[in-house]
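Engineer: Pasting data30.txt below, which is compact mmCIF, C-alpha atoms.
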```txt
# COMPACT_ATOMS: atom_id res chain seq x y z
CA MET A 1 -82.76 -42.47 7.98
CA LYS A 2 -81.51 -46.04 7.54
CA SER A 3 -85.06 -47.41 7.42
CA PHE A 4 -86.05 -44.73 4.93
CA LYS A 5 -83.15 -45.73 2.66
CA ARG A 6 -84.41 -49.31 2.76
CA LEU A 7 -87.91 -48.04 2.05
CA ALA A 8 -86.61 -45.98 -0.87
CA LEU A 9 -84.83 -49.04 -2.29
CA ALA A 10 -87.90 -51.23 -1.84
CA ALA A 11 -90.07 -48.59 -3.45
CA LEU A 12 -87.69 -48.26 -6.42
CA LEU A 13 -87.70 -52.02 -6.95
CA ALA A 14 -91.47 -52.16 -6.56
CA LEU A 15 -91.90 -49.27 -8.95
CA THR A 16 -89.80 -50.87 -11.65
CA THR A 17 -91.88 -54.05 -11.59
CA PHE A 18 -95.10 -52.12 -11.03
CA ALA A 19 -94.31 -49.72 -13.88
CA SER A 20 -94.79 -52.22 -16.66
CA LYS A 21 -98.31 -53.01 -15.46
CA ALA A 22 -99.49 -49.69 -14.02
CA GLU A 23 -100.74 -46.49 -15.47
CA PRO A 24 -98.21 -43.65 -15.17
CA ASP A 25 -100.46 -41.72 -12.75
CA LYS A 26 -100.61 -44.62 -10.30
CA ALA A 27 -96.86 -45.19 -10.40
CA MET A 28 -96.11 -41.53 -9.60
CA ASP A 29 -98.87 -41.57 -6.96
CA LEU A 30 -96.82 -44.19 -5.12
CA ILE A 31 -93.90 -41.75 -5.01
CA SER A 32 -96.23 -38.98 -3.80
CA GLU A 33 -97.51 -41.27 -1.06
CA MET A 34 -93.96 -42.01 0.10
CA ILE A 35 -93.20 -38.28 0.23
CA ILE A 36 -96.32 -37.58 2.31
CA THR A 37 -95.69 -40.54 4.63
CA HIS A 38 -92.15 -39.32 5.30
CA ALA A 39 -92.81 -35.57 5.47
CA GLY A 40 -89.76 -33.58 6.47
CA GLN A 41 -87.40 -36.42 5.59
CA SER A 42 -85.33 -37.19 2.57
CA GLY A 43 -84.25 -40.46 1.08
CA ALA A 44 -81.58 -41.42 -1.37
CA TYR A 45 -80.83 -44.42 -3.51
CA VAL A 46 -77.36 -44.72 -5.06
CA LEU A 47 -77.27 -45.54 -8.77
CA ASP A 48 -73.88 -47.21 -9.09
CA THR A 49 -74.07 -48.69 -12.57
CA GLY A 50 -74.66 -46.95 -15.85
CA GLU A 51 -77.45 -49.36 -16.67
CA GLU A 52 -79.50 -48.64 -13.56
CA ALA A 53 -78.86 -44.89 -13.94
CA LEU A 54 -80.12 -45.04 -17.52
CA PHE A 55 -83.17 -47.14 -16.63
CA ALA A 56 -84.05 -44.84 -13.73
CA ARG A 57 -84.00 -41.77 -15.99
CA ALA A 58 -85.98 -43.53 -18.72
CA TRP A 59 -88.58 -44.82 -16.27
CA LEU A 60 -89.02 -41.41 -14.66
CA ALA A 61 -89.33 -39.71 -18.06
CA ASP A 62 -91.92 -42.25 -19.20
CA HIS A 63 -93.94 -41.81 -15.98
CA SER A 64 -93.65 -38.07 -15.56
CA GLN A 65 -96.94 -36.23 -15.28
CA ARG A 66 -96.24 -32.50 -15.27
CA SER A 67 -92.61 -31.52 -15.69
CA ILE A 68 -89.07 -32.64 -16.39
CA GLU A 69 -86.16 -30.28 -15.77
CA VAL A 70 -82.66 -31.31 -16.81
CA GLN A 71 -79.21 -29.72 -16.66
CA TYR A 72 -76.08 -31.22 -18.19
CA PHE A 73 -72.56 -30.11 -18.97
CA ILE A 74 -72.14 -32.58 -21.87
CA TRP A 75 -74.92 -33.80 -24.14
CA SER A 76 -73.62 -35.92 -27.01
CA THR A 77 -75.37 -37.11 -30.14
CA ASP A 78 -74.32 -40.69 -29.47
CA ASN A 79 -76.70 -43.50 -28.46
CA ILE A 80 -77.27 -42.20 -24.92
CA GLY A 81 -77.80 -38.59 -26.02
CA ILE A 82 -80.29 -39.66 -28.69
CA LEU A 83 -82.17 -41.99 -26.30
CA ALA A 84 -82.40 -39.19 -23.73
CA ALA A 85 -83.69 -36.69 -26.30
CA GLU A 86 -86.26 -39.21 -27.54
CA ALA A 87 -87.49 -39.91 -23.99
CA LEU A 88 -87.91 -36.19 -23.35
CA LEU A 89 -89.71 -35.73 -26.67
CA ARG A 90 -92.12 -38.58 -25.83
CA ALA A 91 -92.88 -36.92 -22.50
CA ALA A 92 -93.46 -33.58 -24.21
CA GLU A 93 -95.84 -35.27 -26.66
CA ARG A 94 -97.89 -36.44 -23.64
CA GLY A 95 -98.16 -32.84 -22.42
CA VAL A 96 -95.26 -32.83 -19.95
CA LYS A 97 -93.38 -29.51 -19.80
CA VAL A 98 -89.71 -30.18 -20.50
CA ARG A 99 -87.02 -27.64 -19.65
CA ILE A 100 -83.41 -28.29 -20.66
CA ILE A 101 -80.27 -26.31 -19.98
CA VAL A 102 -76.99 -27.57 -21.38
CA ASP A 103 -73.53 -26.04 -21.42
CA ASP A 104 -72.50 -24.58 -24.77
CA LEU A 105 -68.93 -25.85 -24.81
CA LEU A 106 -69.49 -29.61 -25.20
CA ILE A 107 -72.88 -29.95 -26.85
CA ASP A 108 -72.41 -31.59 -30.22
CA ALA A 109 -76.00 -31.51 -31.48
CA PRO A 110 -76.44 -29.71 -34.78
CA ASP A 111 -78.15 -26.31 -34.46
CA LYS A 112 -80.99 -27.54 -36.69
CA SER A 113 -81.73 -30.45 -34.33
CA LEU A 114 -81.80 -28.13 -31.31
CA LEU A 115 -84.11 -25.71 -33.13
CA ALA A 116 -86.44 -28.55 -34.14
CA LEU A 117 -86.70 -29.79 -30.54
CA ALA A 118 -87.09 -26.25 -29.20
CA SER A 119 -89.96 -25.61 -31.59
CA HIS A 120 -92.09 -28.13 -29.70
CA PRO A 121 -94.60 -26.19 -27.56
CA ASN A 122 -93.74 -28.23 -24.44
CA ILE A 123 -89.95 -28.06 -24.77
CA ASP A 124 -87.80 -25.13 -23.66
CA ILE A 125 -84.06 -25.46 -24.39
CA ARG A 126 -81.54 -23.03 -22.98
CA ILE A 127 -77.82 -22.95 -23.74
CA TYR A 128 -75.53 -21.89 -20.90
CA ASN A 129 -72.95 -19.26 -21.93
CA PRO A 130 -73.44 -19.56 -25.72
CA GLN A 131 -70.13 -18.14 -26.91
CA SER A 132 -68.27 -21.01 -28.48
CA SER A 133 -70.61 -23.50 -30.09
CA VAL A 134 -74.36 -23.31 -30.62
CA GLY A 135 -75.31 -20.74 -33.25
CA VAL A 136 -71.92 -19.00 -33.09
CA PRO A 137 -69.99 -18.65 -36.38
CA ILE A 138 -66.36 -19.81 -36.32
CA GLN A 139 -65.00 -16.26 -36.66
CA LYS A 140 -67.03 -15.07 -33.65
CA ARG A 141 -65.88 -18.11 -31.62
CA ALA A 142 -62.23 -17.22 -32.25
CA LEU A 143 -62.87 -13.56 -31.40
CA ASN A 144 -64.65 -14.55 -28.17
CA VAL A 145 -61.72 -16.72 -27.07
CA ALA A 146 -59.13 -14.08 -28.00
CA THR A 147 -60.90 -11.14 -26.34
CA ASP A 148 -62.67 -12.75 -23.37
CA PHE A 149 -61.18 -16.16 -22.55
CA ARG A 150 -62.33 -15.93 -18.94
CA GLY A 151 -65.91 -15.22 -20.04
CA VAL A 152 -65.86 -18.01 -22.61
CA ASN A 153 -64.49 -20.42 -20.01
CA GLN A 154 -67.40 -19.94 -17.56
CA ARG A 155 -68.94 -23.41 -17.53
CA MET A 156 -71.97 -25.05 -15.94
CA HIS A 157 -71.08 -28.53 -14.66
CA ASP A 158 -74.47 -29.29 -13.08
CA LYS A 159 -76.02 -32.66 -13.82
CA THR A 160 -79.61 -32.91 -12.63
CA PHE A 161 -82.77 -34.66 -13.75
CA ILE A 162 -85.90 -33.54 -11.85
CA VAL A 163 -89.34 -35.03 -12.45
CA ASP A 164 -92.61 -33.42 -11.34
CA GLY A 165 -90.72 -31.57 -8.59
CA LYS A 166 -90.76 -34.82 -6.58
CA VAL A 167 -87.85 -36.99 -7.66
CA ALA A 168 -84.37 -35.92 -8.72
CA ILE A 169 -81.30 -37.70 -10.01
CA THR A 170 -77.99 -35.93 -9.58
CA GLY A 171 -74.38 -37.00 -9.71
CA GLY A 172 -71.46 -37.15 -12.09
CA ARG A 173 -73.02 -38.54 -15.26
CA ASN A 174 -73.35 -36.45 -18.41
CA MET A 175 -75.54 -37.46 -21.36
CA ALA A 176 -72.99 -39.49 -23.32
CA ASP A 177 -72.21 -43.19 -23.85
CA GLU A 178 -69.04 -43.14 -21.74
CA TYR A 179 -70.97 -42.06 -18.63
CA PHE A 180 -73.40 -45.01 -18.77
CA ASP A 181 -70.95 -47.86 -19.56
CA TYR A 182 -71.93 -47.93 -23.24
CA ASP A 183 -68.68 -46.78 -24.84
CA HIS A 184 -66.64 -49.60 -26.38
CA GLU A 185 -63.26 -48.01 -25.64
CA TYR A 186 -63.45 -45.98 -22.42
CA ASN A 187 -66.03 -45.46 -19.65
CA PHE A 188 -66.02 -43.14 -16.66
CA ARG A 189 -66.88 -44.52 -13.23
CA ASP A 190 -69.52 -42.08 -12.08
CA ARG A 191 -72.35 -42.42 -9.60
CA ASP A 192 -75.76 -40.83 -9.18
CA ALA A 193 -78.20 -40.62 -6.30
```
In structure tokens, write the structure found in this file.
Structural biologist:
Amino acid sequence: MKSFKRLALAALLALTTFASKAEPDKAMDLISEMIITHAGQSGAYVLDTGEEALFARAWLADHSQRSIEVQYFIWSTDNIGILAAEALLRAAERGVKVRIIVDDLLIDAPDKSLLALASHPNIDIRIYNPQSSVGVPIQKRALNVATDFRGVNQRMHDKTFIVDGKVAITGGRNMADEYFDYDHEYNFRDRDA
């Protein structure tokens, strides 16, 4: 496993330099080759800093071929949230199928923006437990909390980013500035693998 971790690190570094010069198909083919060569094994690379976690997601989105599936508890409309949405939209424009599920409680995107993204033929957006935010009038939100607090409080804290069913990033980072070291006042110290 130790040698595979080193191989995974070397491959990630090679991919980042290779990516600027290679066609997306060839870059993802390198990942496929690593998977075949190490059948039955798994490898992990720890993304300690917000910058490398952001670059890894952006690179994977830009080099995806077939699918991107993402789940997040928080998706903000700050710089990180907008960059992430733009990267997914670019992938969808290339024909990549993009599936998104985000928790209802802490999504701050306007309903119109979500509907515009969801209208793209290659983008499918789902809202987890939509009782308190997206598309719910204020009166209904209050009624939901008063009559079914336990139901309203059912949250999805998953944070995953899966590309072409081959590579996944998971960890503690949500889609917001403060999870990628871009907030000017306060940043969380999260990690991804």
Engineer: So which residues fall inside 12 Å of (-83.6, -22.7, -23.4) if we count all atoms listed in the file? Mind giving them as a short mmCIF file (atom, residue, chain, number, x, y, z; two decimals) with C-alpha atoms, in the frame of the given file?
Structural biologist:
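As a result, out.cif now contains:
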```
data_model
loop_
_atom_site.label_atom_id
_atom_site.label_comp_id
_atom_site.auth_asym_id
_atom_site.auth_seq_id
_atom_site.Cartn_x
_atom_site.Cartn_y
_atom_site.Cartn_z
CA GLU A 69 -86.16 -30.28 -15.77
CA VAL A 70 -82.66 -31.31 -16.81
CA GLN A 71 -79.21 -29.72 -16.66
CA VAL A 98 -89.71 -30.18 -20.50
CA ARG A 99 -87.02 -27.64 -19.65
CA ILE A 100 -83.41 -28.29 -20.66
CA ILE A 101 -80.27 -26.31 -19.98
CA VAL A 102 -76.99 -27.57 -21.38
CA ASP A 103 -73.53 -26.04 -21.42
CA ASP A 104 -72.50 -24.58 -24.77
CA LEU A 114 -81.80 -28.13 -31.31
CA LEU A 115 -84.11 -25.71 -33.13
CA LEU A 117 -86.70 -29.79 -30.54
CA ALA A 118 -87.09 -26.25 -29.20
CA SER A 119 -89.96 -25.61 -31.59
CA HIS A 120 -92.09 -28.13 -29.70
CA ASN A 122 -93.74 -28.23 -24.44
CA ILE A 123 -89.95 -28.06 -24.77
CA ASP A 124 -87.80 -25.13 -23.66
CA ILE A 125 -84.06 -25.46 -24.39
CA ARG A 126 -81.54 -23.03 -22.98
CA ILE A 127 -77.82 -22.95 -23.74
CA TYR A 128 -75.53 -21.89 -20.90
CA ASN A 129 -72.95 -19.26 -21.93
CA PRO A 130 -73.44 -19.56 -25.72
CA VAL A 134 -74.36 -23.31 -30.62
#
```
Engineer: Between CA of Ser76 in chain A and CA of Asp190 in chain A, what is the spacing in Å?
Structural biologist: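 The value is 16.7 Å.
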Engineer: What is the distance between CA of Val96 in chain A and CA of Ala168 in chain A, in Å to one decimal?
Structural biologist: 15.9 Å
Engineer: Residues near range 162-165 of chain A, anyone? I mean within 7 Å using only C-alpha atoms, not counting same-chain ones fewer than 2 positions away, as a VMD selection string.
Structural biologist: chain A and resid 60 64 to 70 160 167 to 169
Engineer: Given only C-alpha atoms as the basis, pick out the residue of A:Asp29, A:Glu178, A:Glu86, A:Asp148 nearest to Glu51 in chain A.
Structural biologist: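 Residue with the minimum atom-to-atom distance to Glu51 in chain A: A:Glu178.
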